[in-house]
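Quick notes on the structure that follows.
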Amino acid sequence: MREKCCCCGGADNREQFKELQPVLDQYAKVPGSLITILQKAQDIYGYLSIDTINYISEATGIKPAKIYGVATFYAQFRLQPIGKNLIMLCQGTACHVNGSEMIEEAVCEYLGIKDGETTEDGVFTLNNVACLGCCSLAPVMMVKNADGDETYGNLTKDKVVQILAEIRERA
């Protein structure tokens, strides 16, 4: 007979969270390591689901409400799945003065989403970010996916639409 998970009442979650287990083995009992655990969990699963938060709670002894509070306080954490391609559009000063609002408008219009949203087909998620550190390429965006990160600079409305169309063709 399978054990029940005490955190969510469901079936044993050991198989579902086997990739996270080495992280928990290393950090669960280390004071002050919650952010590290959450970062690594998000790296593994792409976001922090309620089941993941509950599993981390069970392993660390930290109440789910506190973990959720940390996850919602820091902008780096996501509580919803993201698309296959995460578009990080820079809104820093250099990008702003060089037209990042116009680029955002083109992205939103082409994909039919706004900042923080994912396309219905799950191919793209758009996130505005404070700075990508590529000021000489302003306006700039980075696209993260399973193949790695690609940075695109000196963007125009036409150029960004062309880039997104090419990425969509590959998806």
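Letters A, B, ... mark the chains of the structure tokens in the order given; residue numbers begin at 1 per chain; ligand numbers begin at 1, in order shown.
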
Can you list every residue of range 47-88 of chain A that has an atom at most 8 Å from range 26-43 of chain A, with its nearest atom pair and the distance in Å to one decimal, using only C-alpha atoms, ordered by chain then number, as a tab-separated table?
```
residue	atom	partner	partner_atom	distance
A:Tyr47	CA	A:Gln42	CA	4.6
A:Leu48	CA	A:Gln42	CA	5.7
A:Thr52	CA	A:Ala41	CA	7.8
A:Ala59	CA	A:Ala28	CA	6.2
A:Thr60	CA	A:Ala28	CA	4.8
A:Ile67	CA	A:Leu34	CA	7.7
A:Val70	CA	A:Ile35	CA	7.7
A:Ala71	CA	A:Leu38	CA	7.6
A:Phe77	CA	A:Gln42	CA	7.3
A:Arg78	CA	A:Gln42	CA	7.7
```

Could you give me, as a CSV table (one decimal) with N, CA and C atoms, in the first residue's frame, the residues within 7 Å of range 127-138 of chain A, counting only C-alpha atoms and dropping anything in the same chain fewer than 4 positions from it?
```
chain,number,residue,atom,x,y,z
A,87,ILE,N,10.3,35.6,-22.8
A,87,ILE,CA,10.8,36.8,-23.4
A,87,ILE,C,11.0,37.8,-22.2
A,88,MET,N,12.2,38.2,-22.0
A,88,MET,CA,12.5,39.2,-20.9
A,88,MET,C,12.9,40.5,-21.7
A,89,LEU,N,11.9,41.4,-21.6
A,89,LEU,CA,12.1,42.7,-22.3
A,89,LEU,C,12.6,43.7,-21.3
A,90,CYS,N,13.7,44.3,-21.6
A,90,CYS,CA,14.4,45.3,-20.8
A,90,CYS,C,13.6,46.6,-20.8
A,91,GLN,N,13.3,47.1,-19.6
A,91,GLN,CA,12.7,48.4,-19.4
A,91,GLN,C,13.6,49.4,-18.7
A,92,GLY,N,14.9,49.1,-18.6
A,92,GLY,CA,15.8,50.0,-17.9
A,92,GLY,C,15.9,51.3,-18.6
A,94,ALA,N,18.3,53.0,-20.3
A,94,ALA,CA,18.8,53.0,-21.7
A,94,ALA,C,17.8,52.5,-22.7
A,95,CYS,N,17.2,51.4,-22.3
A,95,CYS,CA,16.2,50.8,-23.2
A,95,CYS,C,14.9,51.7,-23.3
A,98,ASN,N,15.4,54.5,-25.6
A,98,ASN,CA,15.6,54.1,-27.0
A,98,ASN,C,14.4,53.3,-27.5
A,115,ASP,N,2.4,42.0,-20.4
A,115,ASP,CA,3.4,41.6,-19.5
A,115,ASP,C,2.9,40.6,-18.4
A,116,GLY,N,3.6,39.5,-18.2
A,116,GLY,CA,3.3,38.5,-17.3
A,116,GLY,C,2.4,37.4,-17.8
A,153,GLY,N,19.4,42.7,-29.7
A,153,GLY,CA,19.5,44.1,-29.4
A,153,GLY,C,19.2,45.0,-30.6
A,154,ASN,N,19.3,46.3,-30.4
A,154,ASN,CA,19.0,47.3,-31.4
A,154,ASN,C,17.6,47.0,-32.0
```

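Residues of range 35-115 of chain A carrying a DSSP assignment of strand (DSSP E), computed from the backbone, are A:Asn85, A:Leu86, A:Ile87, A:Met88, A:Leu89, A:Cys90.
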
CA of Tyr45 in chain A to CA of Ile113 in chain A: how many Å, to one decimal?
->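 Straight-line distance from CA of Tyr45 in chain A to CA of Ile113 in chain A works out to 22.8 Å.
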
Calculate how many Å separate CA of Lys114 in chain A from CA of Gly148 in chain A, rounding to one decimal.
->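 So the two atoms, CA of Lys114 in chain A and CA of Gly148 in chain A, lie 23.2 Å apart.
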